[in-house]
$ cat final-v5.cif   # mmCIF, C-alpha atoms, pLDDT in the B column; chains and numbers go by the auth columns
data_run
loop_
_atom_site.group_PDB
_atom_site.id
_atom_site.type_symbol
_atom_site.label_atom_id
_atom_site.label_comp_id
_atom_site.label_asym_id
_atom_site.label_seq_id
_atom_site.Cartn_x
_atom_site.Cartn_y
_atom_site.Cartn_z
_atom_site.B_iso_or_equiv
_atom_site.auth_seq_id
_atom_site.auth_asym_id
ATOM 1 C CA MET A 1 142.586 92.944 119.191 46.00 60 A
ATOM 2 C CA SER A 2 139.586 92.498 121.474 49.00 61 A
ATOM 3 C CA ARG A 3 139.254 96.260 121.878 51.00 62 A
ATOM 4 C CA ARG A 4 139.401 96.694 118.120 51.00 63 A
ATOM 5 C CA ARG A 5 136.598 94.199 117.716 52.00 64 A
ATOM 6 C CA MET A 6 134.508 96.073 120.258 48.00 65 A
ATOM 7 C CA GLU A 7 135.094 99.328 118.356 52.00 66 A
ATOM 8 C CA THR A 8 134.130 97.705 115.048 67.00 67 A
ATOM 9 C CA LYS A 9 130.917 96.113 116.327 76.00 68 A
ATOM 10 C CA PRO A 10 128.874 99.357 116.061 79.00 69 A
ATOM 11 C CA VAL A 11 130.096 99.789 112.470 80.00 70 A
ATOM 12 C CA ILE A 12 129.102 96.233 111.588 82.00 71 A
ATOM 13 C CA LEU A 13 125.718 96.709 113.257 84.00 72 A
ATOM 14 C CA CYS A 14 125.172 99.935 111.307 88.00 73 A
ATOM 15 C CA VAL A 15 126.084 98.326 107.961 89.00 74 A
ATOM 16 C CA LYS A 16 123.936 95.308 108.797 90.00 75 A
ATOM 17 C CA THR A 17 120.941 97.547 109.543 90.00 76 A
ATOM 18 C CA LEU A 18 121.399 99.472 106.290 92.00 77 A
ATOM 19 C CA LEU A 19 121.701 96.256 104.290 92.00 78 A
ATOM 20 C CA LEU A 20 118.566 94.824 105.909 92.00 79 A
ATOM 21 C CA LEU A 21 116.681 98.019 105.086 94.00 80 A
ATOM 22 C CA TYR A 22 117.979 97.943 101.521 92.00 81 A
ATOM 23 C CA SER A 23 117.054 94.263 101.129 92.00 82 A
ATOM 24 C CA PHE A 24 113.520 95.002 102.305 93.00 83 A
ATOM 25 C CA VAL A 25 113.145 97.830 99.764 91.00 84 A
ATOM 26 C CA PHE A 26 114.660 95.550 97.116 90.00 85 A
ATOM 27 C CA TRP A 27 112.103 92.863 98.030 92.00 86 A
ATOM 28 C CA VAL A 28 109.247 95.382 97.776 91.00 87 A
ATOM 29 C CA THR A 29 110.495 96.343 94.296 89.00 88 A
ATOM 30 C CA GLY A 30 110.237 92.690 93.288 88.00 89 A
ATOM 31 C CA VAL A 31 106.687 92.446 94.624 92.00 90 A
ATOM 32 C CA VAL A 32 105.734 95.556 92.620 88.00 91 A
ATOM 33 C CA LEU A 33 107.252 94.146 89.408 85.00 92 A
ATOM 34 C CA LEU A 34 105.548 90.785 89.971 89.00 93 A
ATOM 35 C CA ALA A 35 102.188 92.493 90.527 90.00 94 A
ATOM 36 C CA LEU A 36 102.747 94.703 87.473 84.00 95 A
ATOM 37 C CA GLY A 37 103.493 91.681 85.300 82.00 96 A
ATOM 38 C CA LEU A 38 100.368 89.841 86.477 86.00 97 A
ATOM 39 C CA TRP A 39 98.240 92.981 86.053 83.00 98 A
ATOM 40 C CA TRP A 40 99.589 93.457 82.525 77.00 99 A
ATOM 41 C CA LYS A 41 98.856 89.836 81.653 77.00 100 A
ATOM 42 C CA PHE A 42 95.300 89.653 82.983 76.00 101 A
ATOM 43 C CA MET A 43 94.085 93.272 82.669 71.00 102 A
ATOM 44 C CA LEU A 44 95.993 94.632 79.669 66.00 103 A
ATOM 45 C CA GLY A 45 96.204 91.384 77.720 63.00 104 A
ATOM 46 C CA PRO A 46 93.928 92.478 74.832 63.00 105 A
ATOM 47 C CA TYR A 47 95.820 95.759 74.360 70.00 106 A
ATOM 48 C CA THR A 48 99.092 93.935 73.706 72.00 107 A
ATOM 49 C CA LEU A 49 97.570 92.912 70.369 69.00 108 A
ATOM 50 C CA LEU A 50 97.837 96.575 69.345 74.00 109 A
ATOM 51 C CA ILE A 51 101.508 97.074 70.213 72.00 110 A
ATOM 52 C CA SER A 52 103.126 93.949 68.795 66.00 111 A
ATOM 53 C CA ARG A 53 102.779 91.757 65.724 62.00 112 A
ATOM 54 C CA GLY A 54 102.874 88.582 67.789 59.00 113 A
ATOM 55 C CA PRO A 55 102.286 87.479 71.379 61.00 114 A
ATOM 56 C CA SER A 56 103.959 89.851 73.832 64.00 115 A
ATOM 57 C CA HIS A 57 106.395 88.376 76.346 72.00 116 A
ATOM 58 C CA THR A 58 106.653 91.609 78.356 72.00 117 A
ATOM 59 C CA PRO A 59 104.276 90.557 81.177 76.00 118 A
ATOM 60 C CA TYR A 60 106.159 87.272 81.595 82.00 119 A
ATOM 61 C CA VAL A 61 109.491 89.126 81.716 81.00 120 A
ATOM 62 C CA LEU A 62 108.157 91.531 84.346 81.00 121 A
ATOM 63 C CA ALA A 63 106.626 88.757 86.444 86.00 122 A
ATOM 64 C CA GLY A 64 109.728 86.582 86.152 87.00 123 A
ATOM 65 C CA THR A 65 112.062 89.445 87.058 86.00 124 A
ATOM 66 C CA GLY A 66 109.838 90.380 89.986 88.00 125 A
ATOM 67 C CA ALA A 67 109.763 86.804 91.282 91.00 126 A
ATOM 68 C CA ALA A 68 113.565 86.560 91.031 90.00 127 A
ATOM 69 C CA ILE A 69 113.997 89.858 92.897 90.00 128 A
ATOM 70 C CA VAL A 70 111.619 88.659 95.636 92.00 129 A
ATOM 71 C CA LEU A 71 113.736 85.525 96.122 93.00 130 A
ATOM 72 C CA PHE A 72 116.991 87.501 95.998 92.00 131 A
ATOM 73 C CA GLY A 73 115.625 89.995 98.531 91.00 132 A
ATOM 74 C CA LEU A 74 114.678 87.210 100.938 93.00 133 A
ATOM 75 C CA PHE A 75 118.088 85.627 100.477 93.00 134 A
ATOM 76 C CA GLY A 76 119.708 89.021 101.163 91.00 135 A
ATOM 77 C CA CYS A 77 117.851 89.369 104.463 91.00 136 A
ATOM 78 C CA PHE A 78 118.805 85.815 105.433 92.00 137 A
ATOM 79 C CA ALA A 79 122.468 86.351 104.472 90.00 138 A
ATOM 80 C CA THR A 80 122.630 89.601 106.426 89.00 139 A
ATOM 81 C CA CYS A 81 121.145 88.041 109.559 88.00 140 A
ATOM 82 C CA ARG A 82 123.415 85.012 109.344 87.00 141 A
ATOM 83 C CA GLY A 83 126.479 87.148 108.735 83.00 142 A
ATOM 84 C CA ARG A 84 128.221 84.596 106.560 86.00 143 A
ATOM 85 C CA PRO A 85 130.720 86.279 104.183 87.00 144 A
ATOM 86 C CA TRP A 86 130.160 83.765 101.353 89.00 145 A
ATOM 87 C CA MET A 87 126.408 84.386 101.480 91.00 146 A
ATOM 88 C CA LEU A 88 126.936 88.143 101.361 91.00 147 A
ATOM 89 C CA LYS A 89 129.260 87.798 98.376 92.00 148 A
ATOM 90 C CA LEU A 90 126.729 85.581 96.614 93.00 149 A
ATOM 91 C CA TYR A 91 124.048 88.193 97.332 92.00 150 A
ATOM 92 C CA ALA A 92 126.316 90.837 95.783 93.00 151 A
ATOM 93 C CA VAL A 93 126.619 88.665 92.664 93.00 152 A
ATOM 94 C CA PHE A 94 122.818 88.377 92.459 92.00 153 A
ATOM 95 C CA LEU A 95 122.511 92.160 92.703 92.00 154 A
ATOM 96 C CA CYS A 96 125.072 92.595 89.925 92.00 155 A
ATOM 97 C CA LEU A 97 123.037 90.264 87.690 91.00 156 A
ATOM 98 C CA VAL A 98 119.857 92.251 88.378 88.00 157 A
ATOM 99 C CA PHE A 99 121.745 95.498 87.713 89.00 158 A
ATOM 100 C CA MET A 100 123.008 94.261 84.329 89.00 159 A
ATOM 101 C CA THR A 101 119.558 92.982 83.345 85.00 160 A
ATOM 102 C CA GLU A 102 117.816 96.260 84.216 81.00 161 A
ATOM 103 C CA LEU A 103 120.546 98.329 82.567 84.00 162 A
ATOM 104 C CA ILE A 104 120.374 96.347 79.317 84.00 163 A
ATOM 105 C CA ALA A 105 116.565 96.508 79.295 78.00 164 A
ATOM 106 C CA GLY A 106 116.598 100.287 79.861 76.00 165 A
ATOM 107 C CA ILE A 107 119.198 100.961 77.165 81.00 166 A
ATOM 108 C CA SER A 108 117.416 98.670 74.688 77.00 167 A
ATOM 109 C CA GLY A 109 114.077 100.383 75.279 72.00 168 A
ATOM 110 C CA PHE A 110 115.656 103.817 74.772 73.00 169 A
ATOM 111 C CA ILE A 111 117.549 102.833 71.609 76.00 170 A
ATOM 112 C CA PHE A 112 114.659 100.979 69.980 71.00 171 A
ATOM 113 C CA ARG A 113 111.912 103.416 70.996 70.00 172 A
ATOM 114 C CA HIS A 114 111.391 104.510 67.371 73.00 173 A
ATOM 115 C CA GLU A 115 111.054 100.890 66.239 76.00 174 A
ATOM 116 C CA ILE A 116 108.488 100.364 69.004 74.00 175 A
ATOM 117 C CA LYS A 117 106.529 103.394 67.784 79.00 176 A
ATOM 118 C CA GLY A 118 106.717 102.090 64.214 82.00 177 A
ATOM 119 C CA THR A 119 105.413 98.684 65.256 81.00 178 A
ATOM 120 C CA PHE A 120 102.556 100.296 67.179 83.00 179 A
ATOM 121 C CA LEU A 121 101.650 102.405 64.130 87.00 180 A
ATOM 122 C CA THR A 122 101.613 99.352 61.852 88.00 181 A
ATOM 123 C CA THR A 123 99.627 97.073 64.156 87.00 182 A
ATOM 124 C CA TYR A 124 97.153 99.767 65.224 89.00 183 A
ATOM 125 C CA SER A 125 96.553 100.861 61.609 91.00 184 A
ATOM 126 C CA ASP A 126 95.917 97.252 60.632 91.00 185 A
ATOM 127 C CA ALA A 127 93.501 96.810 63.559 89.00 186 A
ATOM 128 C CA VAL A 128 91.533 99.900 62.487 91.00 187 A
ATOM 129 C CA ARG A 129 91.532 98.891 58.822 92.00 188 A
ATOM 130 C CA ASN A 130 90.173 95.403 59.568 91.00 189 A
ATOM 131 C CA TYR A 131 87.919 96.399 62.469 92.00 190 A
ATOM 132 C CA ASP A 132 84.699 94.389 62.727 88.00 191 A
ATOM 133 C CA GLY A 133 83.556 95.263 66.260 83.00 192 A
ATOM 134 C CA ARG A 134 83.696 91.649 67.466 85.00 193 A
ATOM 135 C CA ASP A 135 87.200 90.166 67.544 86.00 194 A
ATOM 136 C CA ASP A 136 89.778 90.789 70.279 83.00 195 A
ATOM 137 C CA ARG A 137 91.704 93.459 68.392 86.00 196 A
ATOM 138 C CA SER A 138 88.525 95.348 67.572 88.00 197 A
ATOM 139 C CA LEU A 139 87.457 95.309 71.218 88.00 198 A
ATOM 140 C CA ALA A 140 90.931 96.517 72.177 87.00 199 A
ATOM 141 C CA VAL A 141 90.591 99.422 69.722 90.00 200 A
ATOM 142 C CA ASP A 142 87.238 100.320 71.299 90.00 201 A
ATOM 143 C CA GLY A 143 88.804 100.234 74.747 88.00 202 A
ATOM 144 C CA VAL A 144 91.651 102.541 73.718 87.00 203 A
ATOM 145 C CA GLN A 145 89.311 105.047 72.075 90.00 204 A
ATOM 146 C CA ARG A 146 86.965 105.190 75.052 89.00 205 A
ATOM 147 C CA ARG A 147 89.657 105.505 77.700 87.00 206 A
ATOM 148 C CA LEU A 148 91.949 107.918 75.871 87.00 207 A
ATOM 149 C CA HIS A 149 89.167 109.952 74.231 90.00 208 A
ATOM 150 C CA CYS A 150 90.656 109.592 70.774 91.00 209 A
ATOM 151 C CA CYS A 151 89.506 108.304 67.392 92.00 210 A
ATOM 152 C CA GLY A 152 91.309 106.495 64.605 90.00 211 A
ATOM 153 C CA VAL A 153 95.048 106.441 63.990 91.00 212 A
ATOM 154 C CA TYR A 154 95.798 110.075 63.106 91.00 213 A
ATOM 155 C CA ASN A 155 92.189 111.328 63.416 90.00 214 A
ATOM 156 C CA TYR A 156 88.641 110.140 62.797 90.00 215 A
ATOM 157 C CA THR A 157 89.120 110.207 58.982 91.00 216 A
ATOM 158 C CA THR A 158 91.241 107.059 59.297 91.00 217 A
ATOM 159 C CA TRP A 159 88.002 105.125 59.645 93.00 218 A
ATOM 160 C CA PHE A 160 86.880 106.145 56.153 91.00 219 A
ATOM 161 C CA SER A 161 89.291 103.574 54.648 90.00 220 A
ATOM 162 C CA SER A 162 88.264 100.740 56.998 91.00 221 A
ATOM 163 C CA VAL A 163 86.087 97.796 56.003 91.00 222 A
ATOM 164 C CA TYR A 164 83.703 98.747 58.816 91.00 223 A
ATOM 165 C CA PHE A 165 82.828 102.282 57.657 91.00 224 A
ATOM 166 C CA PRO A 166 80.796 101.447 54.506 89.00 225 A
ATOM 167 C CA VAL A 167 78.572 99.164 56.595 88.00 226 A
ATOM 168 C CA SER A 168 78.234 100.845 59.996 87.00 227 A
ATOM 169 C CA GLY A 169 80.219 104.081 59.831 89.00 228 A
ATOM 170 C CA ILE A 170 82.618 105.176 62.564 91.00 229 A
ATOM 171 C CA PRO A 171 82.532 102.980 65.730 91.00 230 A
ATOM 172 C CA ALA A 172 80.463 104.305 68.621 90.00 231 A
ATOM 173 C CA SER A 173 83.562 104.197 70.843 90.00 232 A
ATOM 174 C CA CYS A 174 84.662 107.405 69.095 92.00 233 A
ATOM 175 C CA CYS A 175 81.593 109.322 70.261 91.00 234 A
ATOM 176 C CA VAL A 176 82.090 112.277 72.586 89.00 235 A
ATOM 177 C CA SER A 177 78.578 111.766 73.956 86.00 236 A
ATOM 178 C CA PHE A 178 76.670 108.528 73.353 82.00 237 A
ATOM 179 C CA SER A 179 73.342 110.252 73.909 82.00 238 A
ATOM 180 C CA ASP A 180 74.070 112.645 71.035 81.00 239 A
ATOM 181 C CA CYS A 181 75.641 110.198 68.610 85.00 240 A
ATOM 182 C CA SER A 182 73.311 108.126 66.433 83.00 241 A
ATOM 183 C CA GLY A 183 74.156 105.462 63.909 81.00 242 A
ATOM 184 C CA ASP A 184 73.141 107.767 61.042 85.00 243 A
ATOM 185 C CA ASP A 185 75.505 110.468 62.320 83.00 244 A
ATOM 186 C CA LEU A 186 78.393 108.020 62.377 87.00 245 A
ATOM 187 C CA LYS A 187 77.732 106.976 58.780 87.00 246 A
ATOM 188 C CA ASN A 188 77.782 110.599 57.580 85.00 247 A
ATOM 189 C CA ALA A 189 81.357 111.888 57.300 83.00 248 A
ATOM 190 C CA THR A 190 80.240 115.522 57.583 84.00 249 A
ATOM 191 C CA LEU A 191 77.996 115.078 60.643 84.00 250 A
ATOM 192 C CA ALA A 192 80.417 112.689 62.349 84.00 251 A
ATOM 193 C CA SER A 193 83.152 115.330 62.547 84.00 252 A
ATOM 194 C CA GLY A 194 81.171 117.159 65.244 85.00 253 A
ATOM 195 C CA LYS A 195 80.164 114.041 67.142 87.00 254 A
ATOM 196 C CA VAL A 196 83.435 112.159 67.590 91.00 255 A
ATOM 197 C CA TYR A 197 86.873 112.840 69.092 91.00 256 A
ATOM 198 C CA ASN A 198 89.138 114.625 66.645 88.00 257 A
ATOM 199 C CA GLN A 199 92.499 113.609 68.054 90.00 258 A
ATOM 200 C CA GLY A 200 94.084 110.410 66.792 90.00 259 A
ATOM 201 C CA CYS A 201 95.098 107.650 69.197 90.00 260 A
ATOM 202 C CA TYR A 202 98.559 107.158 67.703 88.00 261 A
ATOM 203 C CA GLU A 203 99.514 110.784 68.197 84.00 262 A
ATOM 204 C CA LEU A 204 98.112 110.794 71.735 85.00 263 A
ATOM 205 C CA VAL A 205 100.016 107.674 72.820 82.00 264 A
ATOM 206 C CA THR A 206 103.336 108.619 71.192 82.00 265 A
ATOM 207 C CA SER A 207 103.230 112.221 72.447 81.00 266 A
ATOM 208 C CA PHE A 208 102.663 110.924 75.983 76.00 267 A
ATOM 209 C CA ILE A 209 105.646 108.599 75.665 74.00 268 A
ATOM 210 C CA GLU A 210 107.887 111.325 74.239 74.00 269 A
ATOM 211 C CA SER A 211 106.896 113.904 76.868 74.00 270 A
ATOM 212 C CA ASN A 212 107.533 111.452 79.721 70.00 271 A
ATOM 213 C CA LEU A 213 110.572 109.737 78.229 69.00 272 A
ATOM 214 C CA GLY A 214 112.962 111.601 80.534 70.00 273 A
ATOM 215 C CA ILE A 215 111.029 110.564 83.635 73.00 274 A
ATOM 216 C CA ILE A 216 110.758 106.942 82.480 70.00 275 A
ATOM 217 C CA ALA A 217 114.476 106.786 81.682 73.00 276 A
ATOM 218 C CA GLY A 218 115.400 108.450 84.982 75.00 277 A
ATOM 219 C CA VAL A 219 113.328 106.028 87.057 76.00 278 A
ATOM 220 C CA THR A 220 114.610 103.001 85.114 76.00 279 A
ATOM 221 C CA PHE A 221 118.291 103.886 85.438 80.00 280 A
ATOM 222 C CA GLY A 222 117.819 105.102 89.013 81.00 281 A
ATOM 223 C CA VAL A 223 116.379 101.746 90.052 80.00 282 A
ATOM 224 C CA ALA A 224 119.139 99.924 88.147 81.00 283 A
ATOM 225 C CA PHE A 225 122.012 101.875 89.716 86.00 284 A
ATOM 226 C CA SER A 226 120.490 101.508 93.180 86.00 285 A
ATOM 227 C CA GLN A 227 121.640 97.880 93.004 87.00 286 A
ATOM 228 C CA LEU A 228 125.217 99.151 93.267 90.00 287 A
ATOM 229 C CA LEU A 229 124.395 100.457 96.745 91.00 288 A
ATOM 230 C CA GLY A 230 123.346 96.970 97.798 90.00 289 A
ATOM 231 C CA VAL A 231 126.509 95.483 96.265 91.00 290 A
ATOM 232 C CA SER A 232 128.665 97.975 98.205 92.00 291 A
ATOM 233 C CA LEU A 233 126.885 97.279 101.499 91.00 292 A
ATOM 234 C CA ALA A 234 127.082 93.505 101.066 91.00 293 A
ATOM 235 C CA CYS A 235 130.798 93.624 100.195 91.00 294 A
ATOM 236 C CA CYS A 236 131.565 96.004 103.069 90.00 295 A
ATOM 237 C CA LEU A 237 129.772 93.837 105.618 88.00 296 A
ATOM 238 C CA SER A 238 131.530 90.735 104.307 87.00 297 A
ATOM 239 C CA ARG A 239 134.912 92.451 104.546 87.00 298 A
ATOM 240 C CA PHE A 240 134.271 93.711 108.088 85.00 299 A
ATOM 241 C CA ILE A 241 133.198 90.255 109.240 82.00 300 A
ATOM 242 C CA ASN A 242 136.232 88.605 107.656 80.00 301 A
ATOM 243 C CA ALA A 243 138.658 91.176 109.020 74.00 302 A
ATOM 244 C CA ASN A 244 137.376 91.052 112.565 67.00 303 A
ATOM 245 C CA GLN A 245 136.248 87.395 112.657 56.00 304 A
ATOM 246 C CA TYR A 246 132.819 88.564 113.786 43.00 305 A
ATOM 247 C CA GLU A 247 130.148 85.889 114.102 44.00 306 A
ATOM 248 C CA MET A 248 126.495 86.774 114.453 43.00 307 A
ATOM 249 C CA VAL A 249 124.320 84.580 116.574 42.00 308 A
#
$ encode --input "final-v5.cif" --output "structure tokens"
Amino acid sequence: MSRRRMETKPVILCVKTLLLLYSFVFWVTGVVLLALGLWWKFMLGPYTLLISRGPSHTPYVLAGTGAAIVLFGLFGCFATCRGRPWMLKLYAVFLCLVFMTELIAGISGFIFRHEIKGTFLTTYSDAVRNYDGRDDRSLAVDGVQRRLHCCGVYNYTTWFSSVYFPVSGIPASCCVSFSDCSGDDLKNATLASGKVYNQGCYELVTSFIESNLGIIAGVTFGVAFSQLLGVSLACCLSRFINANQYEMV
């Protein structure tokens, strides 16, 4: 029996090392999600007004999930070092919960992607229609048009039906070059066509999502199914320790 334990020790050490490495990567994933949630909340906050009819809970979900993963990752490292089977089994349960959460979120996003696009179209069209250049949604529209080099919903003609156009014309955020884009040009529908971006923001955003949907789905499900590796390692280490009555100091 003693010889068998000696032969199993290298296996246990190998599994322990792999589980520690996995737990560290898992912890880093949590830090990334936590940072992404905070960045979304404080840097992209105004833009969420253009993609949802009400307050968006996405940054809170990301930050909360990231914080939970950080705690689970630390617990996984502690459980691996201690070598207690019940801790390893509990860690495996935590990983299963994270796996189910990520899997459900990924499937829901894929199934309801058309509803998300429809909501974005409705809210963005309403923001353009009621644009005044001062409120939060109007500033968010300006930010989108400047950064994405687009104008209006489908194209610059969307602005013709806005409450802003009869007074001030097309917003300056649509201009290709600010030095060659006067207020009089923006009020003239004919002259404005050569001064502003011709591509609509809705088409640009949705085409980007559609063209990268495979990559987004692959990364999401890849990260989710990676939790199964951690579950397998935790269960294997627990079984080896139980079978050989191995205690780590």
$ atom_distance --input "final-v5.cif" --atom1 "CA of Lys75 in chain A" --atom2 "CA of Leu296 in chain A"
6.8 Å
$ residues_around --input "final-v5.cif" --residues "Ala138 in chain A" --least-positions-apart "3" --cutoff "10 Å" --atoms "only C-alpha atoms" --output "PyMOL selection string"
chain A and resi 78-79+132-135+141-150+293
$ closest_residue --input "final-v5.cif" --among "A:Phe219, A:Tyr183, A:Tyr190, A:Trp98" --to "Val264 in chain A" --atoms "only C-alpha atoms"
A:Tyr183
$ axis_aligned_box --input "final-v5.cif" --around "range 278-291 of chain A" --padding-each-side "8 Å" --output "AutoDock Vina command-line options"
--center_x 121.0 --center_y 100.8 --center_z 91.7 --size_x 31.3 --size_y 26.5 --size_z 29.1
$ closest_residue --input "final-v5.cif" --among "A:Val282, A:Cys234, A:Ile71, A:Val129" --to "Cys210 in chain A" --atoms "all atoms listed in the file"
A:Cys234
$ atom_distance --input "final-v5.cif" --atom1 "CA of Cys295 in chain A" --atom2 "CA of Gly277 in chain A"
27.3 Å
$ atom_distance --input "final-v5.cif" --atom1 "CA of Val235 in chain A" --atom2 "CA of Asp185 in chain A"
23.7 Å
$ closest_residue --input "final-v5.cif" --among "A:Leu250, A:Gly96, A:Tyr119, A:Gly289" --to "Phe83 in chain A" --atoms "all atoms listed in the file"
A:Gly289
$ residues_around --input "final-v5.cif" --residues "Ala199 in chain A" --least-positions-apart "2" --cutoff "6 Å" --atoms "only C-alpha atoms" --output "list of chain:residue names"
A:Pro105, A:Tyr106, A:Arg196, A:Ser197, A:Asp201, A:Gly202
$ resolve_selection --input "final-v5.cif" --expression "the PyMOL selection byres ((chain A and resi 182) around 9)" --output "short mmCIF file (atom, residue, chain, number, x, y, z; two decimals) with C-alpha atoms, in the frame of the given file"
data_model
loop_
_atom_site.label_atom_id
_atom_site.label_comp_id
_atom_site.auth_asym_id
_atom_site.auth_seq_id
_atom_site.Cartn_x
_atom_site.Cartn_y
_atom_site.Cartn_z
CA LEU A 108 97.57 92.91 70.37
CA LEU A 109 97.84 96.58 69.34
CA ILE A 110 101.51 97.07 70.21
CA SER A 111 103.13 93.95 68.80
CA ARG A 112 102.78 91.76 65.72
CA GLY A 177 106.72 102.09 64.21
CA THR A 178 105.41 98.68 65.26
CA PHE A 179 102.56 100.30 67.18
CA LEU A 180 101.65 102.40 64.13
CA THR A 181 101.61 99.35 61.85
CA TYR A 183 97.15 99.77 65.22
CA SER A 184 96.55 100.86 61.61
CA ASP A 185 95.92 97.25 60.63
CA ALA A 186 93.50 96.81 63.56
CA VAL A 187 91.53 99.90 62.49
#
$ closest_residue --input "final-v5.cif" --among "A:Trp86, A:Pro225, A:Val278, A:Pro118" --to "Lys100 in chain A" --atoms "only C-alpha atoms"
A:Pro118
$ resolve_selection --input "final-v5.cif" --expression "the PyMOL selection byres ((chain A and resi 259) around 7)" --output "ChimeraX atom specification"
/A:209-215,257-258,260-263
$ residues_near_point --input "final-v5.cif" --point "(82.8, 101.8, 57.5)" --cutoff "12 Å" --atoms "all atoms listed in the file" --output "PyMOL selection string"
chain A and resi 187-192+215-231+242-243+245-248
$ resolve_selection --input "final-v5.cif" --expression "the PyMOL selection byres ((chain A and resi 155) around 12)" --output "list in words"
Ile128, Phe131, Lys148, Leu149, Tyr150, Ala151, Val152, Phe153, Leu154, Leu156, Val157, Phe158, Met159, Thr160, Glu161, Leu162, Ala283, Phe284, Ser285, Gln286, Leu287, Leu288, Gly289, Val290, Ser291, Ala293 and Cys294 of chain A
$ closest_residue --input "final-v5.cif" --among "A:Cys240, A:Leu72, A:His173, A:Ser232" --to "Leu198 in chain A" --atoms "only C-alpha atoms"
A:Ser232
$ build_atoms --input "final-v5.cif" --residues "range 255-269 of chain A" --atoms "N, CA and C atoms" --output "tab-separated table (two decimals), in the frame of the given file"
chain	number	residue	atom	x	y	z
A	255	VAL	N	82.40	113.08	67.12
A	255	VAL	CA	83.44	112.16	67.59
A	255	VAL	C	84.68	112.94	68.02
A	256	TYR	N	85.59	112.23	68.70
A	256	TYR	CA	86.87	112.84	69.09
A	256	TYR	C	87.71	113.10	67.84
A	257	ASN	N	88.37	114.25	67.82
A	257	ASN	CA	89.14	114.62	66.64
A	257	ASN	C	90.60	114.22	66.72
A	258	GLN	N	91.10	113.97	67.92
A	258	GLN	CA	92.50	113.61	68.05
A	258	GLN	C	92.71	112.13	67.82
A	259	GLY	N	93.77	111.79	67.07
A	259	GLY	CA	94.08	110.41	66.79
A	259	GLY	C	94.75	109.72	67.96
A	260	CYS	N	94.55	108.41	68.07
A	260	CYS	CA	95.10	107.65	69.20
A	260	CYS	C	96.61	107.48	69.09
A	261	TYR	N	97.11	107.33	67.87
A	261	TYR	CA	98.56	107.16	67.70
A	261	TYR	C	99.31	108.39	68.18
A	262	GLU	N	98.85	109.54	67.78
A	262	GLU	CA	99.51	110.78	68.20
A	262	GLU	C	99.43	110.96	69.71
A	263	LEU	N	98.30	110.62	70.29
A	263	LEU	CA	98.11	110.79	71.74
A	263	LEU	C	99.06	109.89	72.52
A	264	VAL	N	99.16	108.62	72.11
A	264	VAL	CA	100.02	107.67	72.82
A	264	VAL	C	101.49	108.04	72.66
A	265	THR	N	101.92	108.32	71.43
A	265	THR	CA	103.34	108.62	71.19
A	265	THR	C	103.76	109.94	71.82
A	266	SER	N	102.88	110.94	71.82
A	266	SER	CA	103.23	112.22	72.45
A	266	SER	C	103.36	112.07	73.95
A	267	PHE	N	102.54	111.20	74.55
A	267	PHE	CA	102.66	110.92	75.98
A	267	PHE	C	104.00	110.26	76.29
A	268	ILE	N	104.37	109.29	75.46
A	268	ILE	CA	105.65	108.60	75.67
A	268	ILE	C	106.81	109.56	75.53
A	269	GLU	N	106.79	110.39	74.48
A	269	GLU	CA	107.89	111.32	74.24
A	269	GLU	C	108.00	112.36	75.36
